[in-house]
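Asker: This is the content of run.cif (mmCIF, C-alpha atoms and all ligand atoms):
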```cif
data_query
#
loop_
_atom_site.label_atom_id
_atom_site.label_comp_id
_atom_site.auth_asym_id
_atom_site.auth_seq_id
_atom_site.Cartn_x
_atom_site.Cartn_y
_atom_site.Cartn_z
CA MET A 1 -22.10 109.76 334.04
CA THR A 2 -24.82 111.72 332.29
CA LEU A 3 -26.95 114.46 333.85
CA GLU A 4 -28.95 115.16 330.71
CA LYS A 5 -32.40 114.82 332.29
CA SER A 6 -31.43 117.04 335.20
CA ARG A 7 -30.04 119.61 332.79
CA GLU A 8 -33.27 119.61 330.79
CA MET A 9 -35.36 119.83 333.97
CA PHE A 10 -33.29 122.80 335.10
CA GLU A 11 -33.97 124.63 331.82
CA LYS A 12 -37.70 124.17 332.37
CA ALA A 13 -37.49 124.90 336.10
CA LYS A 14 -35.76 128.23 335.45
CA THR A 15 -38.86 129.42 333.58
CA LEU A 16 -41.09 128.62 336.55
CA LEU A 17 -39.00 128.84 339.73
CA PRO A 18 -36.55 131.70 340.36
CA GLY A 19 -33.10 130.26 339.68
CA GLY A 20 -34.78 126.93 338.94
CA VAL A 21 -35.02 125.97 342.61
CA SER A 22 -37.16 126.31 345.73
CA SER A 23 -34.26 127.40 347.99
CA PRO A 24 -31.02 129.16 346.92
CA VAL A 25 -28.44 126.66 348.23
CA ARG A 26 -29.86 124.07 345.85
CA ALA A 27 -28.91 126.05 342.76
CA ILE A 28 -25.66 124.18 342.14
CA LYS A 29 -23.79 125.62 339.18
CA PRO A 30 -23.94 124.98 336.25
CA TYR A 31 -27.14 123.08 337.09
CA PRO A 32 -28.22 120.88 339.99
CA PHE A 33 -29.15 117.23 339.80
CA TYR A 34 -32.88 116.71 340.30
CA THR A 35 -33.65 113.98 342.80
CA ALA A 36 -35.97 111.15 341.84
CA SER A 37 -35.76 109.16 345.08
CA ALA A 38 -33.69 108.62 348.20
CA ASP A 39 -33.18 105.68 350.49
CA GLY A 40 -30.83 105.12 353.42
CA SER A 41 -27.51 106.83 352.73
CA LYS A 42 -28.22 107.16 349.01
CA ILE A 43 -29.90 109.73 346.83
CA ARG A 44 -30.74 109.08 343.15
CA ASP A 45 -31.24 111.57 340.36
CA LEU A 46 -33.47 111.64 337.27
CA ASP A 47 -30.71 110.16 335.12
CA GLY A 48 -30.33 107.17 337.43
CA ASN A 49 -27.07 108.29 339.06
CA GLU A 50 -26.68 107.34 342.71
CA TYR A 51 -24.78 109.36 345.31
CA ILE A 52 -23.81 108.73 348.90
CA ASP A 53 -25.47 111.66 350.60
CA TYR A 54 -23.65 113.79 353.19
CA CYS A 55 -25.99 116.74 352.75
CA LEU A 56 -28.98 114.86 354.17
CA ALA A 57 -31.42 117.65 353.36
CA TYR A 58 -29.14 120.03 355.31
CA GLY A 59 -29.54 118.12 358.53
CA PRO A 60 -32.96 116.62 359.22
CA GLU A 61 -32.28 113.15 357.78
CA ILE A 62 -30.11 111.95 360.66
CA LEU A 63 -31.40 108.39 360.28
CA GLY A 64 -30.82 108.46 356.53
CA HIS A 65 -33.60 108.71 353.97
CA ASN A 66 -36.85 106.81 353.98
CA HIS A 67 -36.28 105.27 357.40
CA PRO A 68 -38.82 102.50 358.08
CA VAL A 69 -39.57 103.65 361.65
CA ILE A 70 -40.41 107.18 360.55
CA LYS A 71 -42.27 105.97 357.49
CA GLU A 72 -44.43 103.71 359.63
CA ALA A 73 -45.23 106.55 362.04
CA ILE A 74 -46.29 108.81 359.16
CA ARG A 75 -48.29 106.03 357.52
CA ALA A 76 -50.15 105.28 360.73
CA GLN A 77 -50.96 108.97 361.12
CA LEU A 78 -52.18 109.29 357.52
CA ASP A 79 -54.98 106.83 358.32
CA LYS A 80 -56.17 109.25 361.02
CA GLY A 81 -55.94 112.39 358.88
CA TRP A 82 -53.05 114.80 358.41
CA LEU A 83 -54.37 118.22 359.37
CA TYR A 84 -56.96 119.07 361.99
CA GLY A 85 -56.81 122.78 362.82
CA THR A 86 -57.52 121.77 366.41
CA PRO A 87 -55.21 120.73 369.24
CA SER A 88 -54.19 117.06 369.23
CA GLU A 89 -52.61 114.73 371.76
CA LEU A 90 -49.61 114.36 369.45
CA GLU A 91 -48.34 117.87 370.13
CA VAL A 92 -48.69 117.41 373.88
CA THR A 93 -46.78 114.12 373.70
CA LEU A 94 -43.95 115.60 371.64
CA ALA A 95 -43.81 118.76 373.77
CA GLU A 96 -43.47 116.65 376.91
CA LYS A 97 -40.61 114.68 375.40
CA ILE A 98 -38.77 117.83 374.23
CA ALA A 99 -39.19 119.51 377.62
CA GLY A 100 -37.88 116.32 379.23
CA TYR A 101 -34.69 116.41 377.17
CA TYR A 102 -34.18 120.20 377.49
CA PRO A 103 -34.39 121.28 381.14
CA SER A 104 -34.22 124.92 379.95
CA ILE A 105 -37.57 124.45 378.20
CA ASP A 106 -40.59 124.55 380.50
CA MET A 107 -43.01 125.41 377.71
CA LEU A 108 -42.81 125.58 373.95
CA ARG A 109 -44.71 126.50 370.81
CA PHE A 110 -44.62 124.42 367.63
CA VAL A 111 -44.22 126.20 364.30
CA SER A 112 -43.46 124.83 360.83
CA THR A 113 -39.87 125.94 360.15
CA GLY A 114 -36.69 127.06 361.86
CA THR A 115 -37.22 130.48 360.30
CA GLU A 116 -40.52 130.90 362.09
CA ALA A 117 -38.98 129.60 365.30
CA THR A 118 -36.22 132.22 365.46
CA MET A 119 -38.49 135.00 364.19
CA SER A 120 -40.96 134.23 366.96
CA ALA A 121 -38.25 133.77 369.59
CA ILE A 122 -36.82 137.20 368.84
CA ARG A 123 -40.28 138.79 368.88
CA LEU A 124 -40.95 137.11 372.21
CA ALA A 125 -37.61 138.22 373.67
CA ARG A 126 -38.45 141.79 372.64
CA GLY A 127 -41.98 141.52 374.00
CA PHE A 128 -40.85 140.00 377.28
CA THR A 129 -38.07 142.49 377.95
CA GLY A 130 -39.67 145.55 376.33
CA ARG A 131 -36.36 146.20 374.51
CA LYS A 132 -35.60 146.44 370.79
CA LYS A 133 -32.02 145.39 370.07
CA PHE A 134 -30.56 141.93 369.79
CA VAL A 135 -27.10 140.58 369.06
CA LYS A 136 -26.44 137.90 366.49
CA ILE A 137 -23.13 136.40 365.44
CA GLU A 138 -21.56 137.19 362.07
CA GLY A 139 -22.16 134.25 359.74
CA GLY A 140 -24.89 132.96 362.04
CA PHE A 141 -27.90 131.88 360.01
CA HIS A 142 -31.26 131.92 361.70
CA GLY A 143 -33.51 131.54 358.69
CA ALA A 144 -34.68 133.95 356.04
CA HIS A 145 -36.65 136.61 357.93
CA ASP A 146 -35.86 140.29 357.82
CA ALA A 147 -34.21 141.01 361.17
CA VAL A 148 -31.59 138.24 360.90
CA LEU A 149 -30.57 138.56 357.26
CA VAL A 150 -27.51 140.57 358.13
CA LYS A 151 -24.17 138.91 357.57
CA ALA A 152 -25.99 135.59 357.55
CA GLY A 153 -24.23 132.36 356.63
CA SER A 154 -25.52 129.47 354.49
CA GLY A 155 -26.85 130.41 351.03
CA ALA A 156 -26.64 134.10 351.87
CA SER A 157 -22.84 133.77 352.03
CA THR A 158 -22.49 131.29 349.19
CA HIS A 159 -24.22 133.62 346.80
CA GLY A 160 -22.29 136.66 347.98
CA GLU A 161 -25.40 138.53 349.07
CA PRO A 162 -25.21 138.66 352.83
CA ASP A 163 -27.91 141.29 352.87
CA SER A 164 -31.06 141.20 350.79
CA LEU A 165 -32.89 143.81 348.79
CA GLY A 166 -36.38 144.36 350.08
CA ILE A 167 -35.36 144.72 353.72
CA PRO A 168 -35.56 148.37 354.77
CA ALA A 169 -32.54 149.43 356.82
CA ASP A 170 -35.01 150.38 359.54
CA PHE A 171 -35.82 146.69 359.98
CA THR A 172 -32.24 145.72 360.76
CA LYS A 173 -31.03 148.76 362.67
CA TYR A 174 -31.58 146.91 365.96
CA THR A 175 -29.60 143.87 364.78
CA LEU A 176 -26.09 144.04 366.25
CA GLN A 177 -23.24 141.77 365.18
CA ALA A 178 -20.55 140.07 367.23
CA GLN A 179 -17.78 137.72 366.13
CA PHE A 180 -18.08 134.11 367.25
CA ASN A 181 -15.55 133.18 369.94
CA ASP A 182 -14.73 136.82 370.65
CA LEU A 183 -15.74 137.29 374.26
CA GLU A 184 -14.18 140.72 374.54
CA GLY A 185 -16.16 142.06 371.59
CA MET A 186 -19.37 140.49 372.90
CA THR A 187 -18.80 141.97 376.36
CA GLU A 188 -18.31 145.44 374.94
CA LEU A 189 -21.43 145.16 372.79
CA VAL A 190 -23.64 143.81 375.58
CA GLU A 191 -22.47 146.28 378.21
CA LYS A 192 -22.78 149.25 375.86
CA ASN A 193 -26.31 148.35 374.71
CA LYS A 194 -27.75 146.58 377.73
CA ASP A 195 -30.47 149.12 378.42
CA ASP A 196 -32.09 148.39 375.07
CA LEU A 197 -30.83 144.85 374.48
CA ALA A 198 -33.45 142.09 374.49
CA ALA A 199 -31.33 139.08 373.62
CA VAL A 200 -28.22 137.45 372.26
CA ILE A 201 -29.03 134.73 369.71
CA LEU A 202 -26.37 132.28 368.58
CA GLU A 203 -25.78 128.83 367.16
CA PRO A 204 -23.72 127.12 369.89
CA VAL A 205 -21.76 125.41 367.10
CA GLN A 206 -21.80 127.65 364.05
CA GLY A 207 -23.29 125.33 361.48
CA ASN A 208 -24.01 127.59 358.56
CA VAL A 209 -20.44 128.56 357.78
CA GLY A 210 -19.29 124.99 358.25
CA PRO A 211 -18.97 123.66 361.75
CA ILE A 212 -17.06 126.18 363.84
CA LEU A 213 -16.69 124.99 367.41
CA PRO A 214 -16.98 127.29 370.40
CA LYS A 215 -13.66 127.81 372.16
CA PRO A 216 -13.51 126.17 375.60
CA GLY A 217 -15.49 128.27 378.04
CA TYR A 218 -16.89 130.68 375.41
CA LEU A 219 -20.54 129.64 375.74
CA LYS A 220 -20.35 129.60 379.54
CA GLU A 221 -18.88 133.10 379.55
CA VAL A 222 -21.57 134.39 377.19
CA ARG A 223 -24.15 132.87 379.54
CA LYS A 224 -22.57 134.62 382.50
CA LEU A 225 -22.36 137.91 380.65
CA THR A 226 -25.99 137.87 379.51
CA GLU A 227 -27.17 136.86 382.96
CA GLU A 228 -25.20 139.63 384.66
CA ASN A 229 -26.59 142.19 382.24
CA ASP A 230 -30.15 140.89 382.38
CA VAL A 231 -30.18 140.03 378.67
CA LEU A 232 -31.88 136.87 377.37
CA LEU A 233 -29.72 134.17 375.79
CA ILE A 234 -31.29 132.28 372.89
CA PHE A 235 -29.58 129.14 371.62
CA ASP A 236 -30.54 128.47 368.03
CA GLU A 237 -30.29 124.69 368.04
CA VAL A 238 -32.04 124.12 364.74
CA ILE A 239 -28.94 122.16 363.65
CA THR A 240 -27.42 121.05 366.95
CA GLY A 241 -30.67 120.09 368.69
CA PHE A 242 -30.95 116.30 369.07
CA ARG A 243 -27.69 116.05 367.11
CA LEU A 244 -24.93 116.60 369.65
CA ALA A 245 -26.99 114.86 372.32
CA MET A 246 -30.69 114.36 373.07
CA GLY A 247 -30.48 117.67 374.93
CA GLY A 248 -28.53 119.32 372.09
CA ALA A 249 -25.50 121.56 372.46
CA GLN A 250 -26.79 122.90 375.78
CA GLU A 251 -26.52 119.41 377.25
CA TYR A 252 -23.20 118.75 375.53
CA TYR A 253 -21.57 121.95 376.76
CA GLY A 254 -23.51 122.23 380.03
CA VAL A 255 -24.87 125.73 379.37
CA VAL A 256 -28.48 126.70 380.09
CA PRO A 257 -29.99 129.35 377.79
CA ASP A 258 -33.20 131.26 378.52
CA MET A 259 -34.76 130.26 375.22
CA THR A 260 -34.11 127.63 372.57
CA THR A 261 -35.10 127.19 368.95
CA LEU A 262 -35.27 123.76 367.34
CA GLY A 263 -36.13 122.40 363.89
CA LYS A 264 -34.81 119.90 361.33
CA ILE A 265 -34.31 116.60 363.25
CA VAL A 266 -37.24 117.08 365.61
CA GLY A 267 -39.71 116.71 362.72
CA GLY A 268 -38.19 113.42 361.56
CA GLY A 269 -37.74 114.97 358.10
CA LEU A 270 -41.15 116.67 357.99
CA PRO A 271 -41.51 120.45 358.40
CA VAL A 272 -41.26 121.62 361.99
CA GLY A 273 -39.88 124.34 364.20
CA VAL A 274 -39.97 124.90 367.94
CA PHE A 275 -39.30 127.82 370.23
CA GLY A 276 -39.36 127.32 373.94
CA GLY A 277 -37.95 128.42 377.24
CA ARG A 278 -38.72 129.39 380.78
CA LYS A 279 -42.39 129.45 381.78
CA GLU A 280 -42.46 133.13 382.66
CA ILE A 281 -41.17 134.00 379.18
CA MET A 282 -43.33 131.53 377.25
CA GLU A 283 -46.48 132.59 379.04
CA LYS A 284 -46.19 135.90 377.21
CA VAL A 285 -47.08 134.06 373.98
CA SER A 286 -50.61 134.44 372.63
CA PRO A 287 -53.23 133.40 373.72
CA SER A 288 -51.86 133.27 377.27
CA GLY A 289 -49.95 136.52 376.73
CA PRO A 290 -49.66 139.59 374.49
CA VAL A 291 -46.93 138.42 372.04
CA TYR A 292 -48.77 137.25 368.94
CA GLN A 293 -47.82 134.11 367.07
CA ALA A 294 -49.94 131.74 364.98
CA GLY A 295 -49.82 129.19 362.13
CA THR A 296 -52.25 127.00 360.14
CA PHE A 297 -49.75 124.13 360.00
CA SER A 298 -48.29 124.51 363.50
CA GLY A 299 -48.22 121.19 365.34
CA SER A 300 -49.05 119.41 362.07
CA PRO A 301 -50.01 115.82 363.00
CA CYS A 302 -47.65 114.01 360.61
CA SER A 303 -44.69 116.17 361.71
CA MET A 304 -45.57 115.49 365.34
CA ALA A 305 -45.87 111.73 364.73
CA ALA A 306 -42.56 111.66 362.85
CA GLY A 307 -40.92 113.72 365.60
CA ILE A 308 -42.10 111.38 368.33
CA ALA A 309 -40.88 108.40 366.29
CA VAL A 310 -37.40 109.81 365.70
CA LEU A 311 -36.84 110.83 369.33
CA ASP A 312 -38.05 107.48 370.68
CA TYR A 313 -35.93 105.56 368.20
CA PHE A 314 -32.84 107.61 369.04
CA LYS A 315 -33.30 107.04 372.74
CA ARG A 316 -34.12 103.35 372.44
CA GLU A 317 -31.11 102.61 370.23
CA ASN A 318 -28.74 104.89 372.14
CA LEU A 319 -27.80 106.32 368.76
CA HIS A 320 -25.78 109.33 369.85
CA ALA A 321 -23.01 107.17 371.26
CA LYS A 322 -22.78 105.22 367.98
CA LEU A 323 -23.23 108.15 365.63
CA ASN A 324 -20.84 110.46 367.44
CA ALA A 325 -18.20 107.68 367.50
CA LYS A 326 -18.72 107.25 363.75
CA GLY A 327 -18.10 110.98 363.39
CA ASP A 328 -14.87 110.81 365.42
CA THR A 329 -13.52 107.92 363.37
CA PHE A 330 -14.45 109.60 360.12
CA ARG A 331 -12.84 112.93 361.04
CA THR A 332 -9.65 111.14 362.13
CA ALA A 333 -9.48 109.33 358.78
CA LEU A 334 -10.03 112.60 356.92
CA SER A 335 -7.29 114.31 358.93
CA GLU A 336 -4.88 111.52 358.01
CA ILE A 337 -5.69 111.95 354.32
CA VAL A 338 -5.19 115.72 354.54
CA ALA A 339 -1.84 115.17 356.32
CA ASP A 340 -0.73 112.50 353.82
CA GLU A 341 -1.53 114.80 350.91
CA GLY A 342 0.47 117.58 352.62
CA LEU A 343 -2.43 120.03 352.35
CA ASP A 344 -2.93 123.15 354.45
CA TYR A 345 -6.55 122.22 355.01
CA SER A 346 -8.35 121.62 358.27
CA VAL A 347 -10.83 118.97 359.26
CA CYS A 348 -13.45 120.33 361.63
CA GLY A 349 -16.60 119.13 363.26
CA ILE A 350 -18.24 117.51 366.21
CA ALA A 351 -20.61 114.59 366.73
CA SER A 352 -22.02 113.78 363.27
CA MET A 353 -21.03 117.14 361.74
CA PHE A 354 -17.87 117.46 359.66
CA LYS A 355 -16.17 119.58 357.05
CA ILE A 356 -12.83 120.02 355.34
CA PHE A 357 -12.05 123.70 355.25
CA PHE A 358 -9.78 124.66 352.37
CA GLY A 359 -7.67 126.72 354.75
CA ALA A 360 -6.74 126.95 358.43
CA GLU A 361 -9.25 125.95 361.10
CA PRO A 362 -11.62 128.91 361.47
CA SER A 363 -12.81 130.31 364.75
CA ASN A 364 -15.24 132.80 363.21
CA TYR A 365 -16.90 133.95 360.01
CA GLN A 366 -14.02 136.20 358.94
CA ASP A 367 -11.66 133.21 359.11
CA VAL A 368 -14.00 131.13 356.97
CA LEU A 369 -14.05 133.81 354.30
CA LYS A 370 -10.29 133.31 353.88
CA CYS A 371 -10.80 129.68 352.79
CA ASP A 372 -10.53 128.73 349.13
CA LYS A 373 -14.19 128.83 348.14
CA GLU A 374 -13.59 128.17 344.42
CA GLY A 375 -11.15 125.35 345.18
CA TYR A 376 -13.76 123.76 347.40
CA PHE A 377 -16.43 124.03 344.74
CA ALA A 378 -14.21 122.36 342.11
CA PHE A 379 -13.55 119.59 344.64
CA PHE A 380 -17.30 119.30 345.29
CA HIS A 381 -17.84 118.57 341.58
CA ARG A 382 -15.05 115.98 341.48
CA MET A 383 -16.66 114.22 344.44
CA LEU A 384 -20.08 114.36 342.79
CA SER A 385 -18.67 112.71 339.69
CA ASP A 386 -17.39 109.94 341.96
CA GLY A 387 -20.87 109.43 343.45
CA ILE A 388 -20.41 111.45 346.65
CA PHE A 389 -22.86 114.27 347.34
CA LEU A 390 -21.43 116.85 349.73
CA PRO A 391 -23.20 120.14 350.38
CA PRO A 392 -22.19 122.32 347.44
CA SER A 393 -20.52 125.07 349.43
CA GLN A 394 -17.54 125.73 351.65
CA PHE A 395 -20.07 127.36 353.98
CA GLU A 396 -22.27 124.36 354.73
CA THR A 397 -21.81 121.59 357.27
CA ASN A 398 -21.63 117.97 356.09
CA PHE A 399 -23.56 115.36 358.03
CA LEU A 400 -23.27 111.65 358.77
CA SER A 401 -26.35 109.54 359.39
CA GLU A 402 -27.14 106.25 361.05
CA ALA A 403 -27.57 104.81 357.54
CA HIS A 404 -23.96 105.38 356.43
CA ALA A 405 -22.47 101.89 356.41
CA ASP A 406 -18.78 100.96 356.58
CA GLU A 407 -18.68 100.42 352.82
CA ASP A 408 -20.12 103.91 352.22
CA ILE A 409 -17.45 105.39 354.43
CA GLU A 410 -14.65 103.42 352.76
CA LYS A 411 -15.82 104.50 349.31
CA THR A 412 -16.07 108.10 350.50
CA LEU A 413 -12.58 108.15 352.00
CA GLU A 414 -11.17 106.71 348.78
CA ALA A 415 -12.89 109.52 346.87
CA TYR A 416 -11.42 112.11 349.26
CA LYS A 417 -7.97 110.63 348.63
CA ASN A 418 -8.42 110.83 344.87
CA ASN A 419 -10.02 114.23 344.71
CA LEU A 420 -8.43 116.45 347.33
N1 LIG B 1 -31.51 128.31 362.31
C1 LIG B 1 -30.47 127.56 361.92
C2 LIG B 1 -29.29 127.38 362.82
C3 LIG B 1 -30.49 126.93 360.67
O1 LIG B 1 -29.45 126.19 360.28
C4 LIG B 1 -31.62 127.10 359.84
C5 LIG B 1 -31.67 126.49 358.49
O2 LIG B 1 -30.73 125.97 357.98
C6 LIG B 1 -32.67 127.89 360.31
C7 LIG B 1 -32.60 128.47 361.55
C8 LIG B 1 -33.89 128.08 359.46
O3 LIG B 1 -34.61 126.88 359.41
P1 LIG B 1 -35.64 126.59 358.21
O4 LIG B 1 -34.82 126.39 356.98
O5 LIG B 1 -36.37 125.35 358.66
O6 LIG B 1 -36.54 127.76 358.11
#
```
For the structure just supplied, provide its representation as structure tokens.

Answerer:
Amino acid sequence: MTLEKSREMFEKAKTLLPGGVSSPVRAIKPYPFYTASADGSKIRDLDGNEYIDYCLAYGPEILGHNHPVIKEAIRAQLDKGWLYGTPSELEVTLAEKIAGYYPSIDMLRFVSTGTEATMSAIRLARGFTGRKKFVKIEGGFHGAHDAVLVKAGSGASTHGEPDSLGIPADFTKYTLQAQFNDLEGMTELVEKNKDDLAAVILEPVQGNVGPILPKPGYLKEVRKLTEENDVLLIFDEVITGFRLAMGGAQEYYGVVPDMTTLGKIVGGGLPVGVFGGRKEIMEKVSPSGPVYQAGTFSGSPCSMAAGIAVLDYFKRENLHAKLNAKGDTFRTALSEIVADEGLDYSVCGIASMFKIFFGAEPSNYQDVLKCDKEGYFAFFHRMLSDGIFLPPSQFETNFLSEAHADEDIEKTLEAYKNNL
């Protein structure tokens, strides 16, 4: 297998793009493969190598790449223009569908990324409550804006720079940290700060340090705690939204947050973000209220059309039942391989999310840090050489899509057996 063209492209890219990439997680050492095309479960690089893709653009491509239903929806929209700068029926249609699937969302605002969604949700929570502080979870990643880049997961952990230069300490002094699954710690933090605490924001399944599942009852207890202390609860469902169920993790676990952020899947692979919640909160958003938020590309027609297409397709085909069952079968097979090889690794995940942790099953960020990061990365490269593209970090969730066929799965399991 040669990666000569990718290597050459990386040399050129490094002179033009910091680190040769447009987002840090893509900077796979010693150099990444550069994608030429993708279709179904496969992604192809400039040198003609083909990989079965379990990264899936870090989540959005839940139907696989280049899906005909989404492509047709985008194509049909292109004939009508792709940016208006005015309201369109598309955003009303998609908003109605989202609100239908998420009973916690009476109203919502479209933005272009998950980063914007959480940034705006936190601003709104502060504006609505008139308080400054918020709690996030260690290792929780909510995008790359200033207030949340504190002990963030994803690329921020992979590259060993959990905090970033360029963010004055003043900007993060109201960002408090709790450990995932630690109800006692969360209770202490909320009760101590409640007079100036606007919100708790969390990923219901921690997706950016690999999938870490909430312990039974944890989310319900956090809901109870926030309610009792009059603090808003924001579920960041940028990964879990429309993945665990149509109504996301909040439907799956039966917990109702005050606000929700969505992204990734709900744009059908095109850029999108959403923040929404109860009417009384959302009505504080400009122009109906005093919390300012705006965007040239918000509600972008092609993203809206692709979003409508993916949600309708999912519903029509009852895909969650099939996809989640595929995930269960796959995780069971992986667990058997790990057991057969006598490894002290753990297979984690839920629905179509999975990961082998090179260590014991984690229940929070500190546990994940104990896993063998270098060992995982060497394994990642062995898998890549065998035509399997996993996310290049111990700290990223792997995803299955509708497009992964039985033969893809068989080939992948064989590669796990050979490379673990
Ligand atoms: N929130 C979560 C849970 C995410 O996983 C991500 C991205 O991975 C974001 C927010 C930021 O989304 P985006 O990359 O679209 O800005």

Asker: Tell me which protein, DNA and RNA residues are within 12 Å of Ser22 in chain A, counting only C-alpha atoms, leaving out same-chain ones fewer than 3 positions away, and put them as a VMD selection string.

Answerer: chain A and resid 10 13 to 14 16 to 19 25 to 27 32 34

Asker: Output the neighbourhood of ligand LIG 1 (chain B) as a PyMOL selection string, that is, all protein and nucleic acid residues with some atom at most 8 Å from the ligand, counting only C-alpha atoms and all ligand atoms.

Answerer: chain A and resi 58-59+112-118+140-144+154+203+206-208+236-240+261-264+271-273

Asker: Within 7 Å of range 74-88 of chain A, counting all atoms listed in the file, which residues show up once you throw out same-chain ones fewer than 5 positions away? Write them as a PyMOL selection string, please.

Answerer: chain A and resi 296+300-302+305-306

Asker: When you count all atoms listed in the file, which of these residues is closest to Gln366 in chain A: A:Ile350, A:Val274, A:Ile137, A:Leu384?

Answerer: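 That would be A:Ile137, the residue with the smallest distance to Gln366 in chain A.
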
Asker: In terms of the shortest atom-to-atom distance over all atoms listed in the file, which of A:Leu56, A:Lys194, A:Ala294, A:Gly254 is closest to Lys133 in chain A?

Answerer: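 So, comparing all the options, the nearest one is A:Lys194.
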
Asker: Given all atoms listed in the file as the basis, pick out the residue of A:Ser303, A:Ser104, A:Asn229, A:Ser37 nearest to Lys71 in chain A.

Answerer: A:Ser303

Asker: So which one's closest to Ala378 in chain A, A:Tyr54, A:Lys29, A:Glu410, A:Ser352? Using all atoms listed in the file, please.

Answerer: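 Using all atoms listed in the file, Ala378 in chain A sits closest to A:Lys29.
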
Asker: For a quick check of your reading of the model, name the residues lying within 6 Å of the coordinate (-31.4, 107.2, 355.7), counting all atoms listed in the file, and write them as a ChimeraX atom specification.

Answerer: /A:39-41,63-67,403

Asker: Given all atoms listed in the file, how would the per-residue table for range 274-379 of chain A near range 175-180 of chain A read, listing every residue at most 10 Å away with its closest atom pair and distance in Å to one decimal, sorted by chain and number, as CSV?

Answerer:
```
residue,atom,partner,partner_atom,distance
A:Ser363,CA,A:Phe180,CA,7.0
A:Asn364,CA,A:Phe180,CA,5.1
A:Tyr365,CA,A:Gln179,CA,7.2
A:Gln366,CA,A:Gln179,CA,8.3
```

Asker: For the residues selected in the previous step, produce a file with C-alpha atoms as a PDB file, in the coordinates of the input.

Answerer:
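What landed in again14.pdb:
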```
ATOM      1  CA  SER A 363     -12.810 130.310 364.750  1.00  0.00           C
ATOM      2  CA  ASN A 364     -15.240 132.800 363.210  1.00  0.00           C
ATOM      3  CA  TYR A 365     -16.900 133.950 360.010  1.00  0.00           C
ATOM      4  CA  GLN A 366     -14.020 136.200 358.940  1.00  0.00           C
TER       5      GLN A 366
END
```

Asker: So that I can see what lies close to Leu225 in chain A, please list as a list in words the residues with an atom at most 12 Å from it, counting all atoms listed in the file and leaving out residues fewer than 2 positions away in the same chain.

Answerer: Leu183, Glu184, Gly185, Met186, Thr187, Glu188, Leu189, Val190, Glu191, Lys194, Ala199, Val200, Tyr218, Leu219, Lys220, Glu221, Val222, Arg223, Glu227, Glu228, Asn229, Asp230, Val231, Leu232, Leu233 and Pro257 of chain A

Asker: Distance CA of Glu317 in chain A-CA of Leu334 in chain A, one decimal place?

Answerer: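 The value is 26.9 Å.
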
Asker: Taking into account only C-alpha atoms, which residue in the set A:Leu413, A:Ile388, A:Met259, A:Cys371 is nearest to Thr332 in chain A?

Answerer: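 The shortest atom-to-atom distance to Thr332 in chain A comes from A:Leu413.
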
Asker: Nearest to Leu124 in chain A among A:Gly277, A:Gly295, A:Gly307, A:Gly210, with distances taken over only C-alpha atoms: which residue is it?

Answerer: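 Among the listed residues, A:Gly277 lies closest to Leu124 in chain A.
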
Asker: Hey, what's within 8 Å of Pro290 in chain A if we count all atoms listed in the file and toss same-chain stuff fewer than 5 positions away? As a VMD selection string, please?

Answerer: chain A and resid 127 284 to 285

Asker: Those selected residues, please, written with C-alpha atoms and delivered as a PDB file, in the coordinates of the input.

Answerer:
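Output contents, as saved in part_30.pdb:
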```
ATOM      1  CA  GLY A 127     -41.980 141.520 374.000  1.00  0.00           C
ATOM      2  CA  LYS A 284     -46.190 135.900 377.210  1.00  0.00           C
ATOM      3  CA  VAL A 285     -47.080 134.060 373.980  1.00  0.00           C
TER       4      VAL A 285
END
```
